[in-house]
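*Asks:* Here it is, the structure, as structure tokens.
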Amino acid sequence: MDARETTEAFIASAEAHSAHNYHPLPVVVATADGAWMTDVEGRRFLDMLAGYSALNFGHGNRRLIEAAKAQLDRVTLTSRAFHHDRFADFCRELAALCGMEMVLPMNTGAEAVETAVKTARKWGYRVRGVPAGMAKIVVAGNNFHGRTTTVISFSTDPEARADFGPYTPGFEIVPYGDLTALRAAVTENTVAVLLEPIQGEAGVLVPPAGYLPAVRELTRERNVLFVADEIQSGLGRTGRTFACEHEGVVPDMYVLGKALGGGVVPVSAVVSSAEVLGVFRPGEHGSTFGGNPLACAVALEVIAMLRSGEYQERAARLGERLHRELGRLKDSGHVTAVRGRGLWAGVDIAPAHGTGREVSERLLERGVLVKDTHGVTVRIAPPLVISEEDLDWGLAQLRAVLGA
């Protein structure tokens, strides 16, 4: 069996034995280091997606691997039935990084969003005095907050919603970036406004300048929680610790995940004030693995790395390089739009060059891995540790694919 047959055999076996809920590019990764991955055929690929920002610090980051290895020899799981010696440090340090007071740890981003929804509702009933069962949360169209039943209930993506009803009530959807619609949607029963500061899955959509500060002002004025889903946009990706910082906004609640686990273990969290997270009592919410010792050990190292500011500065500096080069492709007509901040971009491919999927497949053949979304868009989000030379090489492959 030659190498190509090996790839095809892996893919055929996966197709035969797993549900077809993804449509991966035809590559089978075997090893990875930094910004590079190697497949079962020995071909090397530049990772320009970074696990949708879960791998902000690159594959196999030595600091994170060593933190995990050290914890593996001690204790990996206790459940929250007991205290463990990494938990307090994790909660204290993450709260400090966010400028908040309390942390409620979970595992996946979707779990964290569900936790934020439950928190906002409970706060609304216990603190705001909203009548029982009447709490409303305002969200934005084209959002992506996960794929649980509750979360897809306020999705506008037909693929995410179809055949999964009945849906959970209690949400009102308004156009992203439309402050007038948002203002009209907030009523006496609204407990929260839940937004992505930059919409990732929608194509890296950046809201109009001034929108996030206006949302902050409106929610404060109406005594409504502003919940920022920074699962993709947070922890260095945009050139700041949080995307909200670009407009000087501090929400009432951060929803974090992906990069918080360093690409090693799933770690997510809701971070807020003592007034908000203080509404929970024992038994009302939880997770067997949430805040486990291994997760806390890795996340503590992630937090320490972010405190240095090195990765945020790098994302800002290399992000300028990325957007400058992508802007030239737009000026030449090879792409129709470029959006994003820092080392994060959504690139709309000109129709003459094919779909986003087709461009992604052609890039794969040239040794670059990206992923499409919504037909025409290619998402670019390399690890923050990527070198200037590798970034330039990856962009050169995109120019070649587009004939630029």
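Numbering starts fresh at 1 for the residues of each chain in the structure tokens, the chains themselves are lettered A, B, ... in the order given, and ligands are numbered from 1 as they appear.
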Among range 278-344 of chain A, which residues does DSSP mark as alpha helix (DSSP H) when it is run on the backbone? Keep the chain and numbering as in the structure and answer as a VMD selection string.
*Replies:* chain A and resid 293 to 307 310 to 331
*Asks:* Dump as CSV the rows for residues of range 256-359 of chain A within 12 Å of range 102-109 of chain A: closest atom pair and distance in Å with one decimal, only C-alpha atoms counted, ordered by chain and rising residue number.
*Replies:*
```
residue,atom,partner,partner_atom,distance
A:Leu256,CA,A:Gly109,CA,6.8
A:Gly257,CA,A:Gly109,CA,5.0
A:Lys258,CA,A:Gly109,CA,6.8
A:Ala259,CA,A:Gly109,CA,10.3
A:Leu260,CA,A:Asn107,CA,9.9
A:Gly261,CA,A:Asn107,CA,8.9
A:Val265,CA,A:Asn107,CA,8.5
A:Pro266,CA,A:Asn107,CA,5.2
A:Val267,CA,A:Asn107,CA,4.4
A:Ser268,CA,A:Asn107,CA,4.8
A:Ala269,CA,A:Pro105,CA,4.2
A:Val270,CA,A:Leu104,CA,5.2
A:Val271,CA,A:Val103,CA,4.5
A:Ser272,CA,A:Met102,CA,5.5
A:Ser273,CA,A:Met102,CA,5.7
A:Ala274,CA,A:Met102,CA,5.8
A:Glu275,CA,A:Met102,CA,9.2
A:Val276,CA,A:Met102,CA,8.8
A:Leu277,CA,A:Met102,CA,6.6
A:Gly278,CA,A:Met102,CA,8.2
A:Val279,CA,A:Met102,CA,11.4
A:Phe280,CA,A:Leu104,CA,9.9
A:His285,CA,A:Leu104,CA,9.6
A:Gly286,CA,A:Met106,CA,7.8
A:Ser287,CA,A:Met106,CA,6.4
A:Thr288,CA,A:Met106,CA,8.9
A:Phe289,CA,A:Asn107,CA,6.9
A:Gly290,CA,A:Met106,CA,4.1
A:Gly291,CA,A:Pro105,CA,5.2
A:Asn292,CA,A:Pro105,CA,8.9
A:Pro293,CA,A:Pro105,CA,11.6
A:Leu294,CA,A:Asn107,CA,11.6
A:Ala295,CA,A:Asn107,CA,8.5
A:Cys296,CA,A:Pro105,CA,9.3
A:Ala299,CA,A:Pro105,CA,10.8
```
*Asks:* Skipping near chain neighbours, those fewer than 4 positions away, what residues fall within 8 Å of Leu179 in chain A using only C-alpha atoms, listed as a list of chain:residue names?
*Replies:* A:Arg183, A:Tyr211, A:Ala214, A:Val215
*Asks:* If you count only C-alpha atoms, which residues fall within 8 Å of range 200-209 of chain A, apart from same-chain ones fewer than 6 positions away, as an MDAnalysis selection string?
*Replies:* chainID A and resid 142:144 176:177 232:233 247 339:341 344:347 373:374 377:379
*Asks:* So that I can see what lies close to Ser155 in chain A, please list as a list in words the residues with an atom at most 10 Å from it, counting only C-alpha atoms and leaving out residues fewer than 6 positions away in the same chain.
*Replies:*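 The contact residues come out as Val139, Ala140, Gly141, Asn142, Asn143, Phe144, His145, Gly146, Arg147, Arg161, Phe171 and Ile173 of chain A.
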*Asks:* Just checking: using only C-alpha atoms, which residue out of A:Ala88, A:Ala112, A:Ala35, A:Val193 ends up closest to Leu369 in chain A?
*Replies:* A:Ala35
*Asks:* List the spatial neighbours of Ala404 in chain A as a VMD selection string - criterion: any atom at most 12 Å away, only C-alpha atoms, same-chain residues fewer than 6 positions off excluded.
*Replies:* chain A and resid 325 to 326 328 to 335 350 353 395 to 398
*Asks:* Give me, as JSON lines, the closest atom pair and its distance (Å, one decimal) for every residue of range 211-242 of chain A within a cut-off of 12 Å of range 122-131 of chain A, counting only C-alpha atoms, rows sorted by chain and rising number.
*Replies:*
```
{"residue": "A:Arg222", "atom": "CA", "partner": "A:Arg128", "partner_atom": "CA", "distance": 10.8}
{"residue": "A:Asn223", "atom": "CA", "partner": "A:Arg128", "partner_atom": "CA", "distance": 8.1}
{"residue": "A:Val224", "atom": "CA", "partner": "A:Gly124", "partner_atom": "CA", "distance": 8.4}
{"residue": "A:Leu225", "atom": "CA", "partner": "A:Gly124", "partner_atom": "CA", "distance": 8.9}
```
*Asks:* Those same residues - N, CA and C atoms - I'd like them written as a compact mmCIF listing (two decimals), in the first residue's frame.
*Replies:*
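Okay, this is what ended up in part-v2.txt:
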```txt
# COMPACT_ATOMS: atom_id res chain seq x y z
N ARG A 222 -30.13 50.00 30.94
CA ARG A 222 -31.34 49.19 31.15
C ARG A 222 -31.16 48.12 32.24
N ASN A 223 -30.01 48.08 32.89
CA ASN A 223 -29.71 47.07 33.91
C ASN A 223 -29.85 45.66 33.35
N VAL A 224 -29.16 45.46 32.22
CA VAL A 224 -29.14 44.19 31.52
C VAL A 224 -27.68 43.74 31.42
N LEU A 225 -27.41 42.46 31.52
CA LEU A 225 -26.05 41.95 31.42
C LEU A 225 -25.56 41.98 29.97
```
*Asks:* Out of A:Gly354, A:Gly262, A:Met48, A:Leu94, which residue has the shortest atom-to-atom distance to Ala68 in chain A when counting only C-alpha atoms?
*Replies:*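 Of the candidates, the smallest distance to Ala68 in chain A is held by A:Gly262.
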*Asks:* Between CA of Glu114 in chain A and CA of Pro166 in chain A, what is the spacing in Å?
*Replies:*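 Taking CA of Pro166 in chain A and CA of Glu114 in chain A, their separation equals 17.2 Å.
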*Asks:* Write out as a list of chain:residue names which residues come within 12 Å of Thr7 in chain A when counting only C-alpha atoms, dropping same-chain ones fewer than 3 positions away.
*Replies:*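 Contacts, with the query itself left out: A:Met1, A:Asp2, A:Ala3, A:Arg4, A:Phe10, A:Ile11, A:Ala12, A:Ser13, A:Ala14, A:Leu25, A:Pro26, A:Val27, A:Val28, A:Val29, A:Ala30, A:Asp39, A:Val40, A:Glu41, A:Gly42, A:Arg43.
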*Asks:* As an mmCIF file with C-alpha atoms, in the first residue's frame, please: all residues of range 95-266 of chain A that backbone DSSP puts in strand (DSSP E or B).
*Replies:*
```cif
data_model
loop_
_atom_site.group_PDB
_atom_site.id
_atom_site.type_symbol
_atom_site.label_atom_id
_atom_site.label_comp_id
_atom_site.auth_asym_id
_atom_site.auth_seq_id
_atom_site.Cartn_x
_atom_site.Cartn_y
_atom_site.Cartn_z
ATOM 1 C CA MET A 102 -15.354 34.906 39.972
ATOM 2 C CA VAL A 103 -14.956 31.979 37.578
ATOM 3 C CA LEU A 104 -17.280 29.099 36.758
ATOM 4 C CA PRO A 105 -15.212 26.509 34.848
ATOM 5 C CA MET A 106 -16.567 24.084 32.278
ATOM 6 C CA LYS A 136 -35.391 36.997 27.563
ATOM 7 C CA ILE A 137 -31.898 37.107 26.081
ATOM 8 C CA VAL A 138 -31.183 39.200 22.984
ATOM 9 C CA VAL A 139 -28.712 37.730 20.482
ATOM 10 C CA ALA A 140 -27.414 38.657 17.023
ATOM 11 C CA PHE A 171 -34.389 34.460 22.842
ATOM 12 C CA GLU A 172 -34.831 37.382 20.488
ATOM 13 C CA ILE A 173 -32.624 37.727 17.413
ATOM 14 C CA VAL A 174 -31.643 41.125 15.988
ATOM 15 C CA THR A 190 -34.555 41.164 29.074
ATOM 16 C CA VAL A 191 -31.797 39.786 31.296
ATOM 17 C CA ALA A 192 -28.844 39.807 28.882
ATOM 18 C CA VAL A 193 -27.465 40.733 25.494
ATOM 19 C CA LEU A 194 -25.189 37.941 24.219
ATOM 20 C CA LEU A 195 -22.796 38.854 21.407
ATOM 21 C CA GLN A 199 -18.443 36.891 14.587
ATOM 22 C CA LEU A 205 -17.432 39.887 10.815
ATOM 23 C CA LEU A 225 -26.046 41.952 31.419
ATOM 24 C CA PHE A 226 -23.661 42.355 28.490
ATOM 25 C CA VAL A 227 -22.267 38.878 27.803
ATOM 26 C CA ALA A 228 -19.271 38.714 25.441
ATOM 27 C CA ASP A 229 -18.604 35.367 23.784
ATOM 28 C CA MET A 253 -19.458 38.457 31.632
ATOM 29 C CA TYR A 254 -16.786 36.826 29.467
ATOM 30 C CA VAL A 255 -17.400 33.422 27.900
ATOM 31 C CA LEU A 256 -14.054 31.759 27.218
#
```
*Asks:* Please, what distance in Å, to one decimal, runs between CA of Leu72 in chain A and CA of Gly236 in chain A?
*Replies:*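 Going from CA of Leu72 in chain A over to CA of Gly236 in chain A covers 26.7 Å.
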*Asks:* Just give me the gap between CA of Thr78 in chain A and CA of Phe90 in chain A in Å, one decimal is fine.
*Replies:*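 Separating CA of Thr78 in chain A from CA of Phe90 in chain A is a distance of 15.1 Å.
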